[in-house]
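Structure data (mmCIF, C-alpha atoms) from protein-v4.cif:
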data_model
#
loop_
_atom_site.label_atom_id
_atom_site.label_comp_id
_atom_site.auth_asym_id
_atom_site.auth_seq_id
_atom_site.Cartn_x
_atom_site.Cartn_y
_atom_site.Cartn_z
CA MET A 1 -4.51 -48.02 12.77
CA ALA A 2 -5.02 -45.05 10.44
CA GLU A 3 -2.14 -44.20 8.15
CA ALA A 4 -0.09 -41.22 9.34
CA GLN A 5 -0.90 -38.15 7.26
CA PRO A 6 1.75 -35.77 5.91
CA SER A 7 1.68 -32.17 7.09
CA CYS A 8 2.15 -28.92 5.22
CA CYS A 9 3.57 -27.17 8.28
CA PRO A 10 6.92 -27.96 9.94
CA GLU A 11 7.01 -29.34 13.47
CA GLY A 12 6.57 -26.61 16.09
CA SER A 13 4.58 -24.27 13.83
CA TRP A 14 1.76 -22.03 14.98
CA GLY A 15 -1.52 -23.94 14.88
CA GLY A 16 -4.94 -22.63 13.94
CA PRO A 17 -5.88 -18.99 14.42
CA LEU A 18 -5.87 -17.94 18.07
CA GLY A 19 -8.96 -16.72 19.86
CA VAL A 20 -11.96 -14.62 18.92
CA SER A 21 -9.86 -11.48 18.53
CA HIS A 22 -8.07 -12.85 15.49
CA GLY A 23 -9.42 -16.28 14.79
CA LEU A 24 -13.02 -16.53 13.64
CA LYS A 25 -14.58 -15.70 10.29
CA SER A 26 -16.27 -12.61 11.66
CA LEU A 27 -16.60 -9.18 10.08
CA ALA A 28 -16.59 -7.44 13.48
CA GLY A 29 -13.98 -4.72 13.51
CA VAL A 30 -12.96 -5.08 9.86
CA ASN A 31 -13.70 -2.87 6.88
CA GLY A 32 -14.22 -5.33 4.04
CA ASN A 33 -17.06 -7.56 2.94
CA LEU A 34 -17.70 -11.18 2.00
CA PHE A 35 -19.09 -11.98 -1.45
CA MET A 36 -20.11 -15.14 -3.29
CA ILE A 37 -18.73 -15.16 -6.84
CA GLY A 38 -18.45 -17.45 -9.85
CA PRO A 39 -21.06 -18.78 -12.29
CA THR A 40 -22.90 -20.67 -9.53
CA LYS A 41 -21.95 -18.27 -6.70
CA ASN A 42 -20.18 -21.04 -4.80
CA LEU A 43 -16.83 -19.30 -4.20
CA GLN A 44 -16.60 -17.00 -1.20
CA VAL A 45 -14.14 -14.11 -1.22
CA TYR A 46 -13.23 -11.40 1.26
CA VAL A 47 -12.78 -7.98 -0.34
CA ALA A 48 -10.68 -5.31 1.37
CA LYS A 49 -11.31 -1.97 -0.31
CA PRO A 50 -9.00 1.02 -0.74
CA GLU A 51 -9.96 4.51 0.35
CA SER A 52 -9.94 5.66 -3.27
CA ASP A 53 -11.85 4.10 -6.17
CA ALA A 54 -9.27 5.23 -8.74
CA ALA A 55 -6.89 2.27 -8.53
CA LYS A 56 -6.69 0.04 -11.59
CA LYS A 57 -4.55 -2.58 -9.90
CA ALA A 58 -5.46 -5.30 -7.43
CA ILE A 59 -4.09 -8.20 -5.41
CA MET A 60 -5.40 -11.77 -5.12
CA VAL A 61 -4.76 -13.61 -1.87
CA PHE A 62 -4.47 -17.35 -1.36
CA THR A 63 -5.02 -18.38 2.26
CA ASP A 64 -3.32 -20.94 4.43
CA VAL A 65 -5.07 -24.22 5.27
CA TYR A 66 -7.26 -22.44 7.83
CA GLY A 67 -9.08 -20.45 5.16
CA LEU A 68 -10.78 -17.11 5.67
CA GLN A 69 -10.55 -15.71 9.22
CA ASN A 70 -10.60 -12.26 10.69
CA ARG A 71 -6.90 -12.02 11.58
CA LEU A 72 -6.36 -12.32 7.83
CA PHE A 73 -9.12 -9.78 7.15
CA ALA A 74 -7.38 -7.19 9.34
CA ILE A 75 -4.06 -7.77 7.57
CA LEU A 76 -5.67 -7.29 4.17
CA ASP A 77 -7.55 -4.17 5.27
CA LYS A 78 -4.23 -2.58 6.20
CA LEU A 79 -2.55 -3.60 2.95
CA ALA A 80 -5.50 -2.26 0.91
CA ARG A 81 -5.09 1.12 2.63
CA ASP A 82 -1.31 1.15 2.28
CA LEU A 83 -1.31 0.11 -1.38
CA ASN A 84 -4.55 1.91 -2.33
CA CYS A 85 -5.99 -1.02 -4.24
CA PRO A 86 -8.65 -3.70 -3.75
CA ILE A 87 -7.47 -6.97 -2.27
CA VAL A 88 -9.49 -10.16 -2.72
CA ALA A 89 -8.88 -13.27 -0.58
CA ILE A 90 -10.22 -16.48 -2.12
CA ASP A 91 -11.74 -19.33 -0.09
CA CYS A 92 -10.48 -22.12 -2.33
CA PHE A 93 -11.39 -24.66 0.39
CA ARG A 94 -15.14 -23.82 0.35
CA GLY A 95 -15.36 -23.36 4.12
CA GLU A 96 -13.34 -26.45 4.97
CA THR A 97 -10.09 -26.23 6.99
CA LYS A 98 -7.16 -28.46 7.86
CA ASP A 99 -8.68 -29.11 11.30
CA LYS A 100 -11.57 -30.97 9.68
CA HIS A 101 -9.24 -33.21 7.67
CA LEU A 102 -6.51 -34.39 10.01
CA ASN A 103 -7.23 -38.02 9.04
CA ASP A 104 -7.50 -37.50 5.28
CA PHE A 105 -5.28 -34.46 4.78
CA LEU A 106 -3.54 -35.66 1.64
CA ASP A 107 -6.76 -36.62 -0.14
CA TRP A 108 -8.31 -33.30 0.91
CA THR A 109 -5.30 -31.48 -0.51
CA ARG A 110 -5.74 -33.29 -3.82
CA LYS A 111 -9.28 -31.92 -4.11
CA HIS A 112 -7.67 -28.54 -4.82
CA PRO A 113 -5.28 -29.06 -7.77
CA PHE A 114 -4.27 -26.22 -10.04
CA GLU A 115 -5.98 -27.62 -13.12
CA ASP A 116 -9.22 -29.50 -13.70
CA ALA A 117 -7.88 -32.95 -14.53
CA HIS A 118 -8.76 -36.57 -13.78
CA ASN A 119 -8.08 -37.31 -10.12
CA GLU A 120 -7.96 -40.94 -9.01
CA HIS A 121 -8.18 -39.93 -5.35
CA THR A 122 -11.46 -37.99 -5.39
CA THR A 123 -14.42 -37.25 -7.64
CA THR A 124 -14.94 -33.76 -6.17
CA VAL A 125 -12.34 -31.29 -7.42
CA TYR A 126 -12.11 -27.50 -7.06
CA PRO A 127 -9.36 -26.37 -9.46
CA VAL A 128 -7.47 -23.29 -8.31
CA SER A 129 -7.15 -22.10 -11.90
CA LYS A 130 -10.95 -21.77 -12.18
CA ASP A 131 -11.12 -19.82 -8.92
CA ILE A 132 -8.44 -17.47 -10.24
CA GLY A 133 -10.39 -16.94 -13.45
CA TRP A 134 -13.57 -16.09 -11.54
CA CYS A 135 -11.61 -13.71 -9.35
CA TYR A 136 -10.20 -11.92 -12.40
CA ASP A 137 -13.77 -11.52 -13.72
CA PHE A 138 -14.93 -10.15 -10.36
CA LEU A 139 -12.09 -7.62 -10.18
CA SER A 140 -12.77 -6.43 -13.71
CA LEU A 141 -16.52 -6.04 -13.21
CA GLN A 142 -16.46 -4.56 -9.71
CA PHE A 143 -13.38 -2.36 -9.87
CA GLY A 144 -12.39 -2.00 -13.52
CA VAL A 145 -9.03 -3.57 -12.76
CA ASP A 146 -6.58 -4.09 -15.61
CA PRO A 147 -5.91 -7.87 -15.58
CA SER A 148 -2.27 -7.22 -16.49
CA ASN A 149 -1.82 -5.35 -13.20
CA VAL A 150 -2.82 -7.96 -10.62
CA GLY A 151 -0.38 -9.19 -7.99
CA ALA A 152 -0.69 -12.12 -5.60
CA ILE A 153 -0.09 -12.90 -1.93
CA GLY A 154 -0.02 -16.35 -0.36
CA PHE A 155 0.20 -17.82 3.13
CA CYS A 156 1.53 -21.38 3.61
CA TRP A 157 -0.59 -23.45 1.13
CA GLY A 158 -1.36 -20.18 -0.61
CA VAL A 159 2.31 -19.73 -1.51
CA TRP A 160 2.13 -23.06 -3.33
CA ALA A 161 -1.01 -21.80 -5.12
CA LEU A 162 0.53 -18.52 -6.30
CA THR A 163 3.83 -20.18 -7.26
CA LYS A 164 2.06 -22.93 -9.21
CA ALA A 165 -0.13 -20.31 -10.89
CA CYS A 166 2.91 -18.34 -12.04
CA ALA A 167 4.63 -21.53 -13.20
CA MET A 168 1.55 -22.50 -15.23
CA GLY A 169 1.32 -19.15 -16.99
CA ILE A 170 -0.96 -16.95 -14.89
CA ASN A 171 0.41 -13.46 -15.47
CA PHE A 172 0.60 -12.11 -11.95
CA LYS A 173 2.57 -8.87 -11.88
CA CYS A 174 4.48 -10.10 -8.82
CA GLY A 175 4.01 -12.42 -5.85
CA VAL A 176 4.63 -12.34 -2.11
CA GLY A 177 4.61 -15.42 0.10
CA PHE A 178 4.55 -15.70 3.88
CA HIS A 179 5.89 -18.89 5.52
CA PRO A 180 5.79 -20.87 2.24
CA SER A 181 4.82 -24.52 1.95
CA LEU A 182 5.90 -25.42 -1.58
CA LYS A 183 6.15 -29.08 -0.67
CA PHE A 184 2.45 -29.49 -1.53
CA GLU A 185 3.71 -29.91 -5.09
CA ASP A 186 5.89 -32.89 -4.13
CA MET A 187 3.24 -34.37 -1.80
CA ALA A 188 0.20 -34.22 -4.01
CA PHE A 189 0.81 -32.95 -7.54
CA GLY A 190 2.87 -33.55 -10.64
CA MET A 191 5.85 -31.19 -10.59
CA ASP A 192 8.70 -31.02 -8.08
CA GLN A 193 8.93 -27.81 -6.08
CA LEU A 194 12.30 -26.72 -7.49
CA SER A 195 11.09 -26.95 -11.09
CA MET A 196 7.91 -25.12 -10.11
CA ALA A 197 9.87 -22.35 -8.35
CA LYS A 198 12.19 -21.95 -11.33
CA LEU A 199 9.33 -21.57 -13.81
CA ALA A 200 7.46 -19.21 -11.50
CA SER A 201 10.45 -16.97 -10.79
CA GLU A 202 11.17 -16.67 -14.51
CA ARG A 203 7.66 -15.29 -15.05
CA ALA A 204 7.19 -12.98 -12.05
CA PRO A 205 9.32 -11.31 -9.38
CA LEU A 206 8.79 -13.14 -6.08
CA LEU A 207 9.43 -12.29 -2.43
CA PHE A 208 9.11 -14.97 0.27
CA CYS A 209 9.18 -14.24 4.01
CA VAL A 210 10.50 -17.43 5.61
CA ALA A 211 10.30 -18.62 9.22
CA GLY A 212 13.20 -20.11 11.14
CA ASN A 213 11.61 -23.57 11.12
CA ASP A 214 10.64 -23.49 7.43
CA LEU A 215 12.51 -25.80 5.07
CA ASP A 216 16.18 -25.01 4.58
CA ASN A 217 15.76 -24.84 0.80
CA LEU A 218 13.82 -21.58 1.30
CA LYS A 219 16.52 -19.87 3.36
CA PRO A 220 19.18 -17.56 1.96
CA PRO A 221 21.93 -17.66 0.99
CA ASP A 222 22.33 -21.39 0.26
CA GLY A 223 18.80 -22.75 -0.08
CA ASP A 224 17.95 -23.99 -3.59
CA VAL A 225 14.63 -22.15 -3.79
CA ALA A 226 16.14 -18.99 -2.29
CA GLN A 227 18.89 -19.01 -4.91
CA ILE A 228 16.44 -19.59 -7.75
CA ILE A 229 14.32 -16.62 -6.69
CA SER A 230 17.19 -14.22 -6.00
CA SER A 231 18.89 -15.02 -9.31
CA SER A 232 15.74 -14.46 -11.40
CA ASN A 233 16.24 -11.78 -14.04
CA HIS A 234 13.54 -9.12 -13.90
CA ASN A 235 13.85 -5.64 -15.34
CA ALA A 236 13.32 -3.05 -12.64
CA ASP A 237 13.16 -0.25 -15.25
CA GLY A 238 16.00 1.58 -13.57
CA LEU A 239 13.95 2.09 -10.42
CA ASN A 240 15.06 1.29 -6.90
CA ASN A 241 12.81 -1.75 -6.76
CA GLN A 242 13.17 -4.27 -3.98
CA GLN A 243 14.72 -7.28 -5.67
CA PRO A 244 13.22 -10.80 -5.75
CA GLN A 245 14.48 -12.74 -2.75
CA CYS A 246 13.72 -14.89 0.26
CA VAL A 247 13.96 -13.06 3.59
CA GLU A 248 14.46 -15.22 6.67
CA PHE A 249 12.99 -14.40 10.08
CA PRO A 250 15.12 -16.84 12.10
CA ASP A 251 13.35 -16.35 15.44
CA MET A 252 9.87 -16.90 14.02
CA LEU A 253 7.83 -20.09 13.62
CA HIS A 254 5.90 -21.04 10.50
CA GLY A 255 2.54 -19.25 10.52
CA TRP A 256 3.65 -16.24 12.58
CA VAL A 257 2.25 -13.57 10.23
CA SER A 258 -1.31 -14.87 9.93
CA ARG A 259 -1.60 -17.13 13.00
CA GLY A 260 1.06 -16.13 15.52
CA ASP A 261 0.16 -14.70 18.93
CA THR A 262 0.64 -10.98 18.43
CA SER A 263 0.35 -10.33 22.16
CA ILE A 264 3.99 -11.50 22.16
CA GLU A 265 6.07 -8.46 21.27
CA ARG A 266 8.66 -10.17 19.08
CA VAL A 267 5.95 -11.98 17.11
CA ARG A 268 4.05 -8.74 16.60
CA ASP A 269 7.21 -6.85 15.59
CA ASP A 270 8.35 -9.45 13.07
CA ALA A 271 4.85 -9.81 11.63
CA GLU A 272 4.74 -6.03 11.09
CA LYS A 273 8.25 -6.09 9.60
CA ALA A 274 7.30 -8.84 7.16
CA LEU A 275 4.15 -6.99 6.10
CA ASN A 276 6.10 -3.77 5.59
CA ILE A 277 8.67 -5.54 3.41
CA ALA A 278 5.84 -7.14 1.43
CA SER A 279 3.99 -3.84 1.02
CA LYS A 280 7.07 -2.13 -0.40
CA PHE A 281 7.77 -5.01 -2.78
CA LEU A 282 4.19 -4.99 -4.11
CA ASP A 283 4.22 -1.21 -4.45
CA ASP A 284 7.55 -1.30 -6.30
CA TRP A 285 6.52 -3.92 -8.85
CA MET A 286 2.91 -2.90 -9.52
#

As structure tokens, please, write out the structure in this file.
Amino acid sequence: MAEAQPSCCPEGSWGGPLGVSHGLKSLAGVNGNLFMIGPTKNLQVYVAKPESDAAKKAIMVFTDVYGLQNRLFAILDKLARDLNCPIVAIDCFRGETKDKHLNDFLDWTRKHPFEDAHNEHTTTVYPVSKDIGWCYDFLSLQFGVDPSNVGAIGFCWGVWALTKACAMGINFKCGVGFHPSLKFEDMAFGMDQLSMAKLASERAPLLFCVAGNDLDNLKPPDGDVAQIISSSNHNADGLNNQQPQCVEFPDMLHGWVSRGDTSIERVRDDAEKALNIASKFLDDWM
């Protein structure tokens, strides 16, 4: 019998993207474009463009384990308009998704570490740090973006990626995470999630939107991660900036923003609320 594989998502979470209307990697009905970037053009990104070309800031997006899909594209198109800056979503998984790796999920996860280091579990590794570097180069060449004014967004696995990046010294201006899955660090990599969150929150203001069935350590007021983020000391320059924090959506299930069924009114309303909170936070800190 095959060994049971760990999961990034809590029991009862939303599964893969639902339906053609917001599930497939299609550009129908969206405003952005797909590009291949990097020295060998092997990294696909989705680029949502602002209405104005004047912006010198940008946002990198780290997907959930279902990769690039057009529900995500529509979300990023809206955020690019609202924030008036380019937004680039990175396909760190090279077209693969969780659904293709239900029987080797942990080994598949380890193919995507932060750094390029020896990996006893696989000989094929796609370090997230390299993808971030290529994305910085792309933003600079295509949009003239100041690398000191780049924020980050993550979904599920992507919240681990942005948090680990901040912890390891990537100078994101700020970070927003939807339904975080920081436990990837404990499952597959070298640092525990609390130490990672502490380092990350010291280096960048963070906002996490947390589902009711996400881990308790993410939930305010008592969760360890929630307390670490809310107690981080960042200078708001006297402005009325939204403060670093975890915001719980107790009636939502993990995945609701990027994968939930938005034909259900309460799912749609809380997804819009989370995106509005995120948009204000990014606008405040960038």

**Study point:** Close residues, Ile277 of chain A itself excluded, 9 Å, all atoms listed in the file, min 5 positions apart in chain, as a ChimeraX atom specification
**Key:** /A:207,209,242,272,282

Exercise for review: Report the residues retrieved by the PyMOL selection byres ((chain A and resi 254-259) around 9) from the displayed file, expressed as a PyMOL selection string.
Suggested key: chain A and resi 9-18+22-23+64+71-72+75+155-156+178-180+210-214+252-253+260-262+267-268+270-272+274-275

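You will find atom CA of Phe281 of chain A at 25.8 Å from atom CA of Cys8 of chain A.
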
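By chain and then residue number, the residues within 10 Å of Lys164 of chain A are Pro113, Phe114, Val128, Ser129, Gly158, Val159, Trp160, Ala161, Leu162, Cys166, Ala167, Met168, Gly169, Ile170, Leu182, Glu185, Met191, Gln193, Met196, Ala197, Leu199 and Ala200 of chain A, counting all atoms listed in the file and disregarding those fewer than 2 positions away in sequence.
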
Review point. Between A:Glu248, A:Asp53, A:Asp269, A:Asp77, which has the minimum distance to Val145 of chain A (counting only C-alpha atoms)?
Key: A:Asp53

Please, can segment 197-231 of chain A be completed to N, CA and C atoms and returned as a PDB file, in the coordinates of the input?
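Wrote it out as selection.pdb, contents follow:
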ATOM      1  N   ALA A 197       9.320 -23.645  -8.763  1.00  0.00           N
ATOM      2  CA  ALA A 197       9.870 -22.350  -8.350  1.00  0.00           C
ATOM      3  C   ALA A 197      10.665 -21.705  -9.475  1.00  0.00           C
ATOM      4  N   LYS A 198      11.395 -22.502 -10.227  1.00  0.00           N
ATOM      5  CA  LYS A 198      12.190 -21.950 -11.330  1.00  0.00           C
ATOM      6  C   LYS A 198      11.284 -21.357 -12.402  1.00  0.00           C
ATOM      7  N   LEU A 199      10.260 -22.090 -12.807  1.00  0.00           N
ATOM      8  CA  LEU A 199       9.330 -21.570 -13.810  1.00  0.00           C
ATOM      9  C   LEU A 199       8.631 -20.306 -13.308  1.00  0.00           C
ATOM     10  N   ALA A 200       8.188 -20.354 -12.057  1.00  0.00           N
ATOM     11  CA  ALA A 200       7.460 -19.210 -11.500  1.00  0.00           C
ATOM     12  C   ALA A 200       8.341 -17.975 -11.433  1.00  0.00           C
ATOM     13  N   SER A 201       9.576 -18.128 -10.964  1.00  0.00           N
ATOM     14  CA  SER A 201      10.450 -16.970 -10.790  1.00  0.00           C
ATOM     15  C   SER A 201      10.915 -16.393 -12.121  1.00  0.00           C
ATOM     16  N   GLU A 202      10.868 -17.189 -13.179  1.00  0.00           N
ATOM     17  CA  GLU A 202      11.170 -16.670 -14.510  1.00  0.00           C
ATOM     18  C   GLU A 202      10.045 -15.762 -15.012  1.00  0.00           C
ATOM     19  N   ARG A 203       8.836 -15.988 -14.512  1.00  0.00           N
ATOM     20  CA  ARG A 203       7.660 -15.290 -15.050  1.00  0.00           C
ATOM     21  C   ARG A 203       7.197 -14.118 -14.194  1.00  0.00           C
ATOM     22  N   ALA A 204       7.611 -14.081 -12.923  1.00  0.00           N
ATOM     23  CA  ALA A 204       7.190 -12.980 -12.050  1.00  0.00           C
ATOM     24  C   ALA A 204       8.220 -12.777 -10.951  1.00  0.00           C
ATOM     25  N   PRO A 205       8.465 -11.538 -10.544  1.00  0.00           N
ATOM     26  CA  PRO A 205       9.320 -11.310  -9.380  1.00  0.00           C
ATOM     27  C   PRO A 205       8.625 -11.791  -8.110  1.00  0.00           C
ATOM     28  N   LEU A 206       9.356 -12.525  -7.281  1.00  0.00           N
ATOM     29  CA  LEU A 206       8.790 -13.140  -6.080  1.00  0.00           C
ATOM     30  C   LEU A 206       9.567 -12.703  -4.841  1.00  0.00           C
ATOM     31  N   LEU A 207       8.848 -12.563  -3.747  1.00  0.00           N
ATOM     32  CA  LEU A 207       9.430 -12.290  -2.430  1.00  0.00           C
ATOM     33  C   LEU A 207       8.801 -13.248  -1.432  1.00  0.00           C
ATOM     34  N   PHE A 208       9.606 -14.047  -0.746  1.00  0.00           N
ATOM     35  CA  PHE A 208       9.110 -14.970   0.270  1.00  0.00           C
ATOM     36  C   PHE A 208       9.666 -14.572   1.626  1.00  0.00           C
ATOM     37  N   CYS A 209       8.798 -14.476   2.620  1.00  0.00           N
ATOM     38  CA  CYS A 209       9.180 -14.240   4.010  1.00  0.00           C
ATOM     39  C   CYS A 209       9.143 -15.593   4.722  1.00  0.00           C
ATOM     40  N   VAL A 210      10.303 -16.045   5.187  1.00  0.00           N
ATOM     41  CA  VAL A 210      10.500 -17.430   5.610  1.00  0.00           C
ATOM     42  C   VAL A 210      10.764 -17.500   7.108  1.00  0.00           C
ATOM     43  N   ALA A 211      10.116 -18.437   7.782  1.00  0.00           N
ATOM     44  CA  ALA A 211      10.300 -18.620   9.220  1.00  0.00           C
ATOM     45  C   ALA A 211      11.550 -19.456   9.506  1.00  0.00           C
ATOM     46  N   GLY A 212      12.009 -19.372  10.740  1.00  0.00           N
ATOM     47  CA  GLY A 212      13.200 -20.110  11.140  1.00  0.00           C
ATOM     48  C   GLY A 212      13.038 -21.612  11.049  1.00  0.00           C
ATOM     49  N   ASN A 213      11.811 -22.128  11.211  1.00  0.00           N
ATOM     50  CA  ASN A 213      11.610 -23.570  11.120  1.00  0.00           C
ATOM     51  C   ASN A 213      11.038 -24.007   9.773  1.00  0.00           C
ATOM     52  N   ASP A 214      11.001 -23.088   8.792  1.00  0.00           N
ATOM     53  CA  ASP A 214      10.640 -23.490   7.430  1.00  0.00           C
ATOM     54  C   ASP A 214      11.779 -24.299   6.819  1.00  0.00           C
ATOM     55  N   LEU A 215      11.512 -24.943   5.700  1.00  0.00           N
ATOM     56  CA  LEU A 215      12.510 -25.800   5.070  1.00  0.00           C
ATOM     57  C   LEU A 215      13.761 -25.012   4.702  1.00  0.00           C
ATOM     58  N   ASP A 216      14.908 -25.666   4.846  1.00  0.00           N
ATOM     59  CA  ASP A 216      16.180 -25.010   4.580  1.00  0.00           C
ATOM     60  C   ASP A 216      16.315 -24.565   3.121  1.00  0.00           C
ATOM     61  N   ASN A 217      15.612 -25.233   2.202  1.00  0.00           N
ATOM     62  CA  ASN A 217      15.760 -24.840   0.800  1.00  0.00           C
ATOM     63  C   ASN A 217      15.168 -23.462   0.501  1.00  0.00           C
ATOM     64  N   LEU A 218      14.401 -22.916   1.460  1.00  0.00           N
ATOM     65  CA  LEU A 218      13.820 -21.580   1.300  1.00  0.00           C
ATOM     66  C   LEU A 218      14.711 -20.476   1.865  1.00  0.00           C
ATOM     67  N   LYS A 219      15.759 -20.847   2.582  1.00  0.00           N
ATOM     68  CA  LYS A 219      16.520 -19.870   3.360  1.00  0.00           C
ATOM     69  C   LYS A 219      17.766 -19.395   2.597  1.00  0.00           C
ATOM     70  N   PRO A 220      17.964 -18.084   2.571  1.00  0.00           N
ATOM     71  CA  PRO A 220      19.180 -17.560   1.960  1.00  0.00           C
ATOM     72  C   PRO A 220      20.363 -17.770   2.910  1.00  0.00           C
ATOM     73  N   PRO A 221      21.598 -17.818   2.409  1.00  0.00           N
ATOM     74  CA  PRO A 221      21.930 -17.660   0.990  1.00  0.00           C
ATOM     75  C   PRO A 221      22.018 -18.973   0.211  1.00  0.00           C
ATOM     76  N   ASP A 222      21.980 -20.114   0.906  1.00  0.00           N
ATOM     77  CA  ASP A 222      22.330 -21.390   0.260  1.00  0.00           C
ATOM     78  C   ASP A 222      21.143 -22.232  -0.194  1.00  0.00           C
ATOM     79  N   GLY A 223      19.943 -21.925   0.282  1.00  0.00           N
ATOM     80  CA  GLY A 223      18.800 -22.750  -0.080  1.00  0.00           C
ATOM     81  C   GLY A 223      18.522 -22.731  -1.574  1.00  0.00           C
ATOM     82  N   ASP A 224      18.159 -23.895  -2.138  1.00  0.00           N
ATOM     83  CA  ASP A 224      17.950 -23.990  -3.590  1.00  0.00           C
ATOM     84  C   ASP A 224      16.859 -23.050  -4.087  1.00  0.00           C
ATOM     85  N   VAL A 225      15.724 -23.023  -3.376  1.00  0.00           N
ATOM     86  CA  VAL A 225      14.630 -22.150  -3.790  1.00  0.00           C
ATOM     87  C   VAL A 225      15.035 -20.682  -3.631  1.00  0.00           C
ATOM     88  N   ALA A 226      15.695 -20.365  -2.521  1.00  0.00           N
ATOM     89  CA  ALA A 226      16.140 -18.990  -2.290  1.00  0.00           C
ATOM     90  C   ALA A 226      17.068 -18.517  -3.401  1.00  0.00           C
ATOM     91  N   GLN A 227      17.967 -19.381  -3.837  1.00  0.00           N
ATOM     92  CA  GLN A 227      18.890 -19.010  -4.910  1.00  0.00           C
ATOM     93  C   GLN A 227      18.176 -18.840  -6.239  1.00  0.00           C
ATOM     94  N   ILE A 228      17.205 -19.706  -6.505  1.00  0.00           N
ATOM     95  CA  ILE A 228      16.440 -19.590  -7.750  1.00  0.00           C
ATOM     96  C   ILE A 228      15.720 -18.245  -7.808  1.00  0.00           C
ATOM     97  N   ILE A 229      15.087 -17.861  -6.706  1.00  0.00           N
ATOM     98  CA  ILE A 229      14.320 -16.620  -6.690  1.00  0.00           C
ATOM     99  C   ILE A 229      15.233 -15.399  -6.780  1.00  0.00           C
ATOM    100  N   SER A 230      16.319 -15.391  -6.015  1.00  0.00           N
ATOM    101  CA  SER A 230      17.190 -14.220  -6.000  1.00  0.00           C
ATOM    102  C   SER A 230      17.964 -14.035  -7.304  1.00  0.00           C
ATOM    103  N   SER A 231      18.151 -15.128  -8.049  1.00  0.00           N
ATOM    104  CA  SER A 231      18.890 -15.020  -9.310  1.00  0.00           C
ATOM    105  C   SER A 231      17.972 -14.789 -10.509  1.00  0.00           C
TER     106      SER A 231
END
